[in-house]
Amino acid sequence: GGVVLNPIPPKHKRFRPDIIDGLTHLPELTAEEMVSYRVKEYGNRGVSFAQLRIMTSIPDKKLETGIQSLLSRKQILMTDRENRVFLHSEHVSNLMQEMMQLLENFHRANPLKPGMSKEELKSKLPGEVSPRLFQLLITDLGRNEKIVLEENIIRLATHVISLGADQSGIREKIVRVYLESGL
């Protein structure tokens, strides 16, 4: 007497109101709404077309139409063309904000360093972020002139290496001593 709503569900905590609400309304959703819900449900990992086909039980033509509509409205993004992996735009936006915050914190803690290595930044991002998704995020942030990528180092576009107030005082003393010594 039961109905299988998702034969391959992602792991999630029990009794989360958003999950319960989503599952309650799932049978009433249109194809497009169902695709959006399923893509969002999978978080930063994204979900492939093959997985969507199994999870939604929507005929391929209708599924394709729903995906194309969501892609054209930029509600979902294709992060891997080869495997047709999709990610919800909310997760992409959250990852970009997280990257910007990580870089800002890094620059605040290390004002004399030119930036953070790509590998270090990727390792600090929450969840599973594929190399293709990470590259897509870097490319988009670079195109919007929010970050600068120099070889393997990423920095905020606004970051300039500068001495702090205490460090500039030390520098002035060193210069004064150097000039007084006549060297």
# chains A, B, ... in the order shown; residues from 1 in each chain; ligands from 1

call {"tool": "closest_atom_pairs", "arguments": {"of": "segment 1-114 of chain A", "to": "segment 147-156 of chain A", "cutoff": "12 Å", "atoms": "only C-alpha atoms", "output": "JSON lines"}}
result
{"residue": "A:Met96", "atom": "CA", "partner": "A:Ile147", "partner_atom": "CA", "distance": 10.6}
{"residue": "A:Gln97", "atom": "CA", "partner": "A:Ile147", "partner_atom": "CA", "distance": 11.8}
{"residue": "A:Met99", "atom": "CA", "partner": "A:Ile147", "partner_atom": "CA", "distance": 9.7}
{"residue": "A:Met100", "atom": "CA", "partner": "A:Leu156", "partner_atom": "CA", "distance": 7.4}
{"residue": "A:Gln101", "atom": "CA", "partner": "A:Leu156", "partner_atom": "CA", "distance": 9.8}
{"residue": "A:Leu102", "atom": "CA", "partner": "A:Leu156", "partner_atom": "CA", "distance": 10.0}
{"residue": "A:Leu103", "atom": "CA", "partner": "A:Leu156", "partner_atom": "CA", "distance": 6.5}
{"residue": "A:Glu104", "atom": "CA", "partner": "A:Leu156", "partner_atom": "CA", "distance": 7.2}
{"residue": "A:Asn105", "atom": "CA", "partner": "A:Leu156", "partner_atom": "CA", "distance": 10.6}
{"residue": "A:Phe106", "atom": "CA", "partner": "A:Arg155", "partner_atom": "CA", "distance": 9.1}
{"residue": "A:His107", "atom": "CA", "partner": "A:Arg155", "partner_atom": "CA", "distance": 8.0}
{"residue": "A:Arg108", "atom": "CA", "partner": "A:Leu156", "partner_atom": "CA", "distance": 11.2}
{"residue": "A:Asn110", "atom": "CA", "partner": "A:Arg155", "partner_atom": "CA", "distance": 11.4}
{"residue": "A:Pro111", "atom": "CA", "partner": "A:Arg155", "partner_atom": "CA", "distance": 11.0}
{"residue": "A:Leu112", "atom": "CA", "partner": "A:Arg155", "partner_atom": "CA", "distance": 11.9}
{"residue": "A:Lys113", "atom": "CA", "partner": "A:Arg155", "partner_atom": "CA", "distance": 9.5}
{"residue": "A:Pro114", "atom": "CA", "partner": "A:Arg155", "partner_atom": "CA", "distance": 6.9}

call {"tool": "write_last_selection", "arguments": {"atoms": "all heavy atoms", "output": "short mmCIF file (atom, residue, chain, number, x, y, z; two decimals), in the first residue's frame"}}
result
data_model
loop_
_atom_site.label_atom_id
_atom_site.label_comp_id
_atom_site.auth_asym_id
_atom_site.auth_seq_id
_atom_site.Cartn_x
_atom_site.Cartn_y
_atom_site.Cartn_z
N MET A 96 29.81 30.11 -4.17
CA MET A 96 30.55 31.33 -4.54
C MET A 96 30.70 32.26 -3.34
O MET A 96 31.78 32.81 -3.11
CB MET A 96 29.85 32.05 -5.68
CG MET A 96 30.01 31.38 -7.00
SD MET A 96 29.19 32.35 -8.28
CE MET A 96 29.63 31.42 -9.73
N GLN A 97 29.64 32.43 -2.57
CA GLN A 97 29.71 33.26 -1.37
C GLN A 97 30.70 32.67 -0.37
O GLN A 97 31.47 33.41 0.26
CB GLN A 97 28.33 33.41 -0.74
CG GLN A 97 27.40 34.29 -1.52
CD GLN A 97 26.00 34.32 -0.93
OE1 GLN A 97 25.69 33.62 0.02
NE2 GLN A 97 25.14 35.14 -1.52
N MET A 99 33.30 30.80 -1.07
CA MET A 99 34.65 31.02 -1.59
C MET A 99 35.12 32.45 -1.30
O MET A 99 36.25 32.66 -0.86
CB MET A 99 34.70 30.76 -3.10
CG MET A 99 34.65 29.30 -3.47
SD MET A 99 34.53 29.03 -5.25
CE MET A 99 36.17 29.48 -5.79
N MET A 100 34.24 33.41 -1.53
CA MET A 100 34.59 34.80 -1.29
C MET A 100 34.88 35.04 0.20
O MET A 100 35.83 35.73 0.55
CB MET A 100 33.45 35.73 -1.76
CG MET A 100 33.17 35.67 -3.25
SD MET A 100 34.52 36.27 -4.25
CE MET A 100 34.41 38.01 -3.91
N GLN A 101 34.07 34.43 1.06
CA GLN A 101 34.28 34.58 2.51
C GLN A 101 35.59 33.93 2.95
O GLN A 101 36.33 34.50 3.75
CB GLN A 101 33.10 33.97 3.28
CG GLN A 101 33.12 34.25 4.76
CD GLN A 101 33.02 35.73 5.08
OE1 GLN A 101 32.15 36.41 4.57
NE2 GLN A 101 33.92 36.23 5.90
N LEU A 102 35.89 32.75 2.41
CA LEU A 102 37.16 32.08 2.74
C LEU A 102 38.35 32.92 2.31
O LEU A 102 39.33 33.05 3.06
CB LEU A 102 37.21 30.69 2.07
CG LEU A 102 36.33 29.62 2.68
CD1 LEU A 102 36.24 28.40 1.76
CD2 LEU A 102 36.86 29.21 4.05
N LEU A 103 38.28 33.51 1.12
CA LEU A 103 39.38 34.35 0.64
C LEU A 103 39.51 35.62 1.49
O LEU A 103 40.63 36.03 1.82
CB LEU A 103 39.17 34.71 -0.83
CG LEU A 103 39.43 33.58 -1.82
CD1 LEU A 103 38.96 33.96 -3.21
CD2 LEU A 103 40.91 33.20 -1.84
N GLU A 104 38.39 36.21 1.85
CA GLU A 104 38.40 37.41 2.68
C GLU A 104 39.05 37.10 4.04
O GLU A 104 39.90 37.86 4.52
CB GLU A 104 36.98 37.92 2.88
CG GLU A 104 36.89 39.26 3.57
CD GLU A 104 35.46 39.75 3.65
OE1 GLU A 104 34.76 39.73 2.62
OE2 GLU A 104 35.06 40.15 4.76
N ASN A 105 38.66 35.99 4.66
CA ASN A 105 39.25 35.58 5.94
C ASN A 105 40.74 35.30 5.80
O ASN A 105 41.53 35.65 6.68
CB ASN A 105 38.53 34.35 6.50
CG ASN A 105 37.10 34.65 6.89
OD1 ASN A 105 36.71 35.80 7.06
ND2 ASN A 105 36.30 33.60 7.02
N PHE A 106 41.12 34.67 4.69
CA PHE A 106 42.53 34.36 4.46
C PHE A 106 43.34 35.66 4.34
O PHE A 106 44.41 35.79 4.94
CB PHE A 106 42.69 33.52 3.19
CG PHE A 106 44.12 33.19 2.87
CD1 PHE A 106 44.73 32.10 3.48
CD2 PHE A 106 44.85 33.96 1.99
CE1 PHE A 106 46.06 31.79 3.21
CE2 PHE A 106 46.18 33.66 1.71
CZ PHE A 106 46.79 32.57 2.32
N HIS A 107 42.83 36.61 3.58
CA HIS A 107 43.54 37.88 3.40
C HIS A 107 43.64 38.66 4.71
O HIS A 107 44.65 39.30 4.98
CB HIS A 107 42.86 38.75 2.33
CG HIS A 107 42.98 38.21 0.95
ND1 HIS A 107 44.13 37.62 0.46
CD2 HIS A 107 42.09 38.16 -0.07
CE1 HIS A 107 43.94 37.24 -0.80
NE2 HIS A 107 42.70 37.56 -1.14
N ARG A 108 42.61 38.59 5.52
CA ARG A 108 42.62 39.28 6.81
C ARG A 108 43.69 38.65 7.72
O ARG A 108 44.41 39.35 8.41
CB ARG A 108 41.25 39.19 7.47
CG ARG A 108 41.07 40.15 8.62
CD ARG A 108 39.67 40.16 9.22
NE ARG A 108 38.63 40.40 8.23
CZ ARG A 108 37.67 39.53 7.92
NH1 ARG A 108 37.60 38.37 8.53
NH2 ARG A 108 36.76 39.81 7.01
N ASN A 110 46.31 36.82 6.67
CA ASN A 110 47.61 36.80 6.01
C ASN A 110 47.75 37.97 5.03
O ASN A 110 47.80 37.75 3.82
CB ASN A 110 47.80 35.48 5.24
CG ASN A 110 47.58 34.27 6.11
OD1 ASN A 110 48.37 33.98 6.98
ND2 ASN A 110 46.48 33.58 5.87
N PRO A 111 47.84 39.19 5.53
CA PRO A 111 47.84 40.35 4.62
C PRO A 111 49.08 40.44 3.72
O PRO A 111 49.03 41.10 2.69
CB PRO A 111 47.75 41.55 5.57
CG PRO A 111 48.28 41.04 6.87
CD PRO A 111 47.92 39.59 6.93
N LEU A 112 50.16 39.76 4.09
CA LEU A 112 51.37 39.83 3.29
C LEU A 112 51.47 38.72 2.24
O LEU A 112 52.37 38.76 1.40
CB LEU A 112 52.61 39.78 4.20
CG LEU A 112 52.72 40.95 5.18
CD1 LEU A 112 53.93 40.78 6.07
CD2 LEU A 112 52.76 42.27 4.44
N LYS A 113 50.56 37.77 2.27
CA LYS A 113 50.57 36.70 1.28
C LYS A 113 49.77 37.15 0.06
O LYS A 113 48.75 37.81 0.20
CB LYS A 113 50.00 35.41 1.85
CG LYS A 113 50.92 34.76 2.86
CD LYS A 113 50.43 33.38 3.21
CE LYS A 113 51.42 32.72 4.16
NZ LYS A 113 50.99 31.37 4.50
N PRO A 114 50.23 36.75 -1.13
CA PRO A 114 49.52 37.19 -2.34
C PRO A 114 48.14 36.56 -2.51
O PRO A 114 47.28 37.12 -3.17
CB PRO A 114 50.45 36.76 -3.47
CG PRO A 114 51.30 35.70 -2.91
CD PRO A 114 51.42 35.98 -1.44
#

call {"tool": "residues_around", "arguments": {"residues": "Asn6 of chain A", "least_positions_apart": "4", "cutoff": "12 Å", "atoms": "only C-alpha atoms", "output": "ChimeraX atom specification"}}
result
/A:10-11,22-23,26-27,34,37-38,41,51-57

call {"tool": "residues_around", "arguments": {"residues": "segment 44-50 of chain A", "least_positions_apart": "6", "cutoff": "7 Å", "atoms": "only C-alpha atoms", "output": "PDB file with N, CA, C and O atoms, in the first residue's frame"}}
result
ATOM      1  N   ASN A  83      28.869  13.950 -18.530  1.00  0.00           N
ATOM      2  CA  ASN A  83      28.006  13.072 -17.740  1.00  0.00           C
ATOM      3  C   ASN A  83      26.633  13.674 -17.466  1.00  0.00           C
ATOM      4  O   ASN A  83      25.837  13.063 -16.763  1.00  0.00           O
ATOM      5  N   ARG A  84      26.402  14.877 -17.970  1.00  0.00           N
ATOM      6  CA  ARG A  84      25.143  15.601 -17.787  1.00  0.00           C
ATOM      7  C   ARG A  84      24.766  15.673 -16.309  1.00  0.00           C
ATOM      8  O   ARG A  84      23.764  15.125 -15.880  1.00  0.00           O
ATOM      9  N   VAL A  85      25.598  16.368 -15.547  1.00  0.00           N
ATOM     10  CA  VAL A  85      25.371  16.555 -14.113  1.00  0.00           C
ATOM     11  C   VAL A  85      24.848  17.976 -13.893  1.00  0.00           C
ATOM     12  O   VAL A  85      25.392  18.933 -14.438  1.00  0.00           O
ATOM     13  N   PHE A  86      23.792  18.081 -13.090  1.00  0.00           N
ATOM     14  CA  PHE A  86      23.137  19.359 -12.852  1.00  0.00           C
ATOM     15  C   PHE A  86      23.243  19.745 -11.378  1.00  0.00           C
ATOM     16  O   PHE A  86      23.226  18.893 -10.500  1.00  0.00           O
ATOM     17  N   LEU A  87      23.311  21.051 -11.151  1.00  0.00           N
ATOM     18  CA  LEU A  87      23.402  21.597  -9.799  1.00  0.00           C
ATOM     19  C   LEU A  87      22.432  22.769  -9.708  1.00  0.00           C
ATOM     20  O   LEU A  87      22.301  23.545 -10.656  1.00  0.00           O
ATOM     21  N   HIS A  91      22.741  26.415  -4.740  1.00  0.00           N
ATOM     22  CA  HIS A  91      23.977  25.802  -4.244  1.00  0.00           C
ATOM     23  C   HIS A  91      25.195  26.461  -4.877  1.00  0.00           C
ATOM     24  O   HIS A  91      26.213  26.668  -4.209  1.00  0.00           O
ATOM     25  N   GLY A 127      31.106  20.170   1.788  1.00  0.00           N
ATOM     26  CA  GLY A 127      30.533  19.116   0.940  1.00  0.00           C
ATOM     27  C   GLY A 127      31.476  18.657  -0.148  1.00  0.00           C
ATOM     28  O   GLY A 127      32.657  18.976  -0.176  1.00  0.00           O
ATOM     29  N   GLU A 128      30.917  17.889  -1.053  1.00  0.00           N
ATOM     30  CA  GLU A 128      31.693  17.345  -2.157  1.00  0.00           C
ATOM     31  C   GLU A 128      31.617  18.301  -3.344  1.00  0.00           C
ATOM     32  O   GLU A 128      30.563  18.497  -3.923  1.00  0.00           O
ATOM     33  N   VAL A 129      32.760  18.888  -3.695  1.00  0.00           N
ATOM     34  CA  VAL A 129      32.818  19.784  -4.842  1.00  0.00           C
ATOM     35  C   VAL A 129      33.743  19.140  -5.865  1.00  0.00           C
ATOM     36  O   VAL A 129      34.926  18.950  -5.609  1.00  0.00           O
TER      37      VAL A 129
END

call {"tool": "select_by_dssp", "arguments": {"residues": "segment 61-132 of chain A", "states": "strand (DSSP E)", "output": "PyMOL selection string"}}
result
chain A and resi 76-80+85-88+116-117

call {"tool": "atom_distance", "arguments": {"atom1": "atom CA of Glu82 of chain A", "atom2": "atom CA of Pro59 of chain A"}}
result
21.3 Å

call {"tool": "select_by_dssp", "arguments": {"residues": "segment 21-123 of chain A", "states": "helix (DSSP H, G or I)", "output": "PyMOL selection string"}}
result
chain A and resi 21-28+31-41+43-45+49-56+60-72+89-109+118-123

call {"tool": "residues_around", "arguments": {"residues": "Ser69 of chain A", "least_positions_apart": "5", "cutoff": "12 Å", "atoms": "only C-alpha atoms", "output": "list in words"}}
result
Ala31, Glu32, Glu33, Val35, Ser36, Lys62, Leu63, Glu64, Lys74, Gln75, Ile76 and Leu77 of chain A

call {"tool": "atom_distance", "arguments": {"atom1": "atom CA of Ser130 of chain A", "atom2": "atom CA of Ala109 of chain A"}}
result
27.1 Å

call {"tool": "closest_residue", "arguments": {"among": "A:Glu90, A:Glu180, A:Glu145, A:Glu98", "to": "Gly43 of chain A", "atoms": "only C-alpha atoms"}}
result
A:Glu90
